[in-house]
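Accompanying notes for the structure given below.
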Amino acid sequence: ASDQPQPWAIAVHAGTVYWTNDGDGTVMKRGPQDPQPIQLASGQADPRGIAAGDSAGSPAVIWTSYSNGTVMVQVGDGPAVQVATGQAGPMGITGSGTTAYWVIFDGGDVESMNVDLQGATLATGQSSPHGLAIDADSLYWTNFGDGTVRSIALSGGLPAATVATGQTNPRGIAADGAAVYWVNQFDGRVMRTILATMQEEEIYGDQPGPWDLAVDVDEATVYWTNRDTGTIQKIAIGGNAQPTVIASDQATPFDIALDATHVYWVNFAGGTVM
């Protein structure tokens with residue numbers, strides 16, 4: 001898609017790509033049979049995070065609106081419905097089964113809500129949490145403010161745990177069950193922590209403003225966006241592999257997503273979805 005006003009976040013599910021346009025407050029989608037992008041919602045206040053999946057057999061998409069503190073969901077062809085209000089700057093969002101999870105960038109909370117609209121605060125006092133990821137057991141997030149990566153068990157009953165400290169403004173995050181991966185925007189490192197040993201590793205460094213990343217588990221490959229130079233890169237996990245540039249001359253690439261066959265990203269300044 002082109003001519004999109006500052007696309008920020010992206011998600012893909014069952015061949016359909018969903019994204020948020022921060023510039024005009026719209027939420028969009030385009031499926032493989034759609035000749036043009038389809039607008040799902042308008043009038044959103046700085047929509048940032050987005051996630052997509054299924055609800056009772058219908059496609060569902062959920063997103064955060066940063067400026068007015070709402071979390072919205074749309075199921076099938078139904079209207080967009082407000083499921084949470086009064087959030088102080090909701091940002092990253094993800095889901096598992098019938099539960100959605102999101103982080104509150106300004107307020108420092110990690111929240112959840114199930115399909116029955118029963119909400120819970122999972123963690124408080126976080127330092128500008130930004131990115132959010134999930135695996136079968138835990139929820140993970142980056143704290144942009146204090147340079148930590150944290151986790152909490154989905155089963156509940158335990159306090160938030162520390163995955164990494166001493167990071168420089170970590171943003172995007174991903175998890176594959178064996179490790180947690182993230183990028184540090186201002187020191188340019190692509191990182192991971194192996195969960196079995198809690199060993200922290202630098203996958204690659206000296207990247208120009210990495211913003212978001214995604215992991216292809218089958219190919220054991222990490223993909224990320226470099227905001228400052230407009231490149232999309234990938235690298236094999238482990239060993240002494242060197243990164244490969246898969247796209248260049250992108251205009252401020254932000255979020256990135258994968259499915260079985262393609263890599264997708266948004267260009268915030270260029271107004272394109274790739």
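As shown in the structure tokens, the chain order sets the letters A, B, ...; within each chain, residues go from 1, and ligands are also counted from 1 in the order they appear.
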message: If we count only C-alpha atoms and set the cut-off at 9 Å, which residues sit around A:Trp265, ignoring sequence neighbours fewer than 6 positions away in its own chain? Please answer as a list in words.
response: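 What passes the distance filter is Ala9, Ile10, Ala11, Thr225, Ile232, Pro253, Phe254, Asp255, Ile256, Ala257, Leu258, Thr272, Val273 and Met274 of chain A.
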task: Select from stretch 57-181 of chain A everything DSSP, run on the backbone, classes as strand (DSSP E or B), then give the selection as a ChimeraX atom specification.
output: /A:58-65,70-75,81-84,90-96,99-104,110-114,119-123,129-134,138-143,148-153,161-164,170-175,179-181
- request: Report the distance between atom CA of A:Gln44 and atom CA of A:Gly23 in Å, rounded to one decimal place.
  value: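 We find that atom CA of A:Gln44 and atom CA of A:Gly23 lie 9.9 Å from each other.
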Non-local contacts of A:Asp116 (10 Å; only C-alpha atoms; under 3 positions in same chain excluded) as a ChimeraX atom specification: /A:83,98-99,113,119
- request: Could you give me, as a VMD selection string, the residues within 8 Å of stretch 48-61 of chain A, counting only C-alpha atoms and dropping anything in the same chain fewer than 2 positions from it?
  value: chain A and resid 8 to 13 18 to 22 46 63 to 66 73 to 76 90 to 95 98
Kindly save the residues from that selection, with C-alpha atoms included, as a PDB file, in the first residue's frame.
```pdb
ATOM      1  CA  TRP A   8       3.298   2.897  12.538  1.00  0.00           C
ATOM      2  CA  ALA A   9       2.431  -0.699  13.476  1.00  0.00           C
ATOM      3  CA  ILE A  10       1.787  -3.826  11.421  1.00  0.00           C
ATOM      4  CA  ALA A  11       0.407  -7.320  11.961  1.00  0.00           C
ATOM      5  CA  VAL A  12      -0.353 -10.210   9.626  1.00  0.00           C
ATOM      6  CA  HIS A  13      -2.807 -13.070  10.096  1.00  0.00           C
ATOM      7  CA  TYR A  18      -3.264  -4.978   9.144  1.00  0.00           C
ATOM      8  CA  TRP A  19      -1.678  -1.656  10.024  1.00  0.00           C
ATOM      9  CA  THR A  20      -2.244   1.591  11.904  1.00  0.00           C
ATOM     10  CA  ASN A  21      -1.818   5.054  10.407  1.00  0.00           C
ATOM     11  CA  ASP A  22      -0.638   7.432  13.091  1.00  0.00           C
ATOM     12  CA  ASP A  46      -2.560   8.089  17.347  1.00  0.00           C
ATOM     13  CA  TRP A  63      -5.173  -1.933  18.561  1.00  0.00           C
ATOM     14  CA  THR A  64      -4.111   0.766  20.995  1.00  0.00           C
ATOM     15  CA  SER A  65      -4.799   4.488  20.604  1.00  0.00           C
ATOM     16  CA  TYR A  66      -1.973   6.272  22.357  1.00  0.00           C
ATOM     17  CA  VAL A  73     -11.217  -4.401  18.887  1.00  0.00           C
ATOM     18  CA  GLN A  74     -13.032  -5.340  15.712  1.00  0.00           C
ATOM     19  CA  VAL A  75     -14.305  -8.861  15.043  1.00  0.00           C
ATOM     20  CA  GLY A  76     -15.284  -9.937  11.530  1.00  0.00           C
ATOM     21  CA  PRO A  90      -1.081   2.438  25.525  1.00  0.00           C
ATOM     22  CA  MET A  91       1.538   1.213  23.082  1.00  0.00           C
ATOM     23  CA  GLY A  92       2.526  -2.368  22.179  1.00  0.00           C
ATOM     24  CA  ILE A  93      -0.175  -5.029  22.135  1.00  0.00           C
ATOM     25  CA  THR A  94      -0.365  -8.776  21.587  1.00  0.00           C
ATOM     26  CA  GLY A  95      -2.753 -11.622  22.255  1.00  0.00           C
ATOM     27  CA  THR A  98      -9.007 -15.193  24.293  1.00  0.00           C
TER      28      THR A  98
END
```
- prompt: Could you pull the residues within 12 Å of A:Trp211, counting only C-alpha atoms, minus those fewer than 6 positions along the same chain, as a PyMOL selection string?
  reply: chain A and resi 8-9+130-131+142+144+169-173+182-190+223-233+252-256+265-268
message: Report as a list in words all protein, DNA and RNA residues lying within 7 Å of stretch 192-204 of chain A, evaluated on only C-alpha atoms, omitting residues in the same chain fewer than 5 positions from it.
response: Val163, Ala178, Ala179, Val180, Tyr181 and Trp182 of chain A
Residue selection dump (N, CA, C and O atoms) as a PDB file, in the first residue's frame:
```
ATOM      1  N   VAL A 163      14.804 -10.031  32.534  1.00  0.00           N
ATOM      2  CA  VAL A 163      15.463 -10.814  31.484  1.00  0.00           C
ATOM      3  C   VAL A 163      16.806 -10.198  31.129  1.00  0.00           C
ATOM      4  O   VAL A 163      17.765 -10.911  30.825  1.00  0.00           O
ATOM      5  N   ALA A 178      12.285 -20.358  23.168  1.00  0.00           N
ATOM      6  CA  ALA A 178      13.632 -20.703  23.609  1.00  0.00           C
ATOM      7  C   ALA A 178      14.442 -19.487  24.001  1.00  0.00           C
ATOM      8  O   ALA A 178      15.367 -19.574  24.813  1.00  0.00           O
ATOM      9  N   ALA A 179      14.098 -18.338  23.417  1.00  0.00           N
ATOM     10  CA  ALA A 179      14.855 -17.119  23.670  1.00  0.00           C
ATOM     11  C   ALA A 179      13.950 -15.910  23.512  1.00  0.00           C
ATOM     12  O   ALA A 179      12.866 -15.993  22.919  1.00  0.00           O
ATOM     13  N   VAL A 180      14.422 -14.791  24.051  1.00  0.00           N
ATOM     14  CA  VAL A 180      13.785 -13.489  23.870  1.00  0.00           C
ATOM     15  C   VAL A 180      14.762 -12.612  23.096  1.00  0.00           C
ATOM     16  O   VAL A 180      15.965 -12.602  23.393  1.00  0.00           O
ATOM     17  N   TYR A 181      14.250 -11.893  22.107  1.00  0.00           N
ATOM     18  CA  TYR A 181      15.081 -11.076  21.223  1.00  0.00           C
ATOM     19  C   TYR A 181      14.596  -9.630  21.298  1.00  0.00           C
ATOM     20  O   TYR A 181      13.405  -9.376  21.415  1.00  0.00           O
ATOM     21  N   TRP A 182      15.517  -8.686  21.169  1.00  0.00           N
ATOM     22  CA  TRP A 182      15.112  -7.284  21.156  1.00  0.00           C
ATOM     23  C   TRP A 182      16.180  -6.456  20.450  1.00  0.00           C
ATOM     24  O   TRP A 182      17.294  -6.925  20.190  1.00  0.00           O
TER      25      TRP A 182
END
```
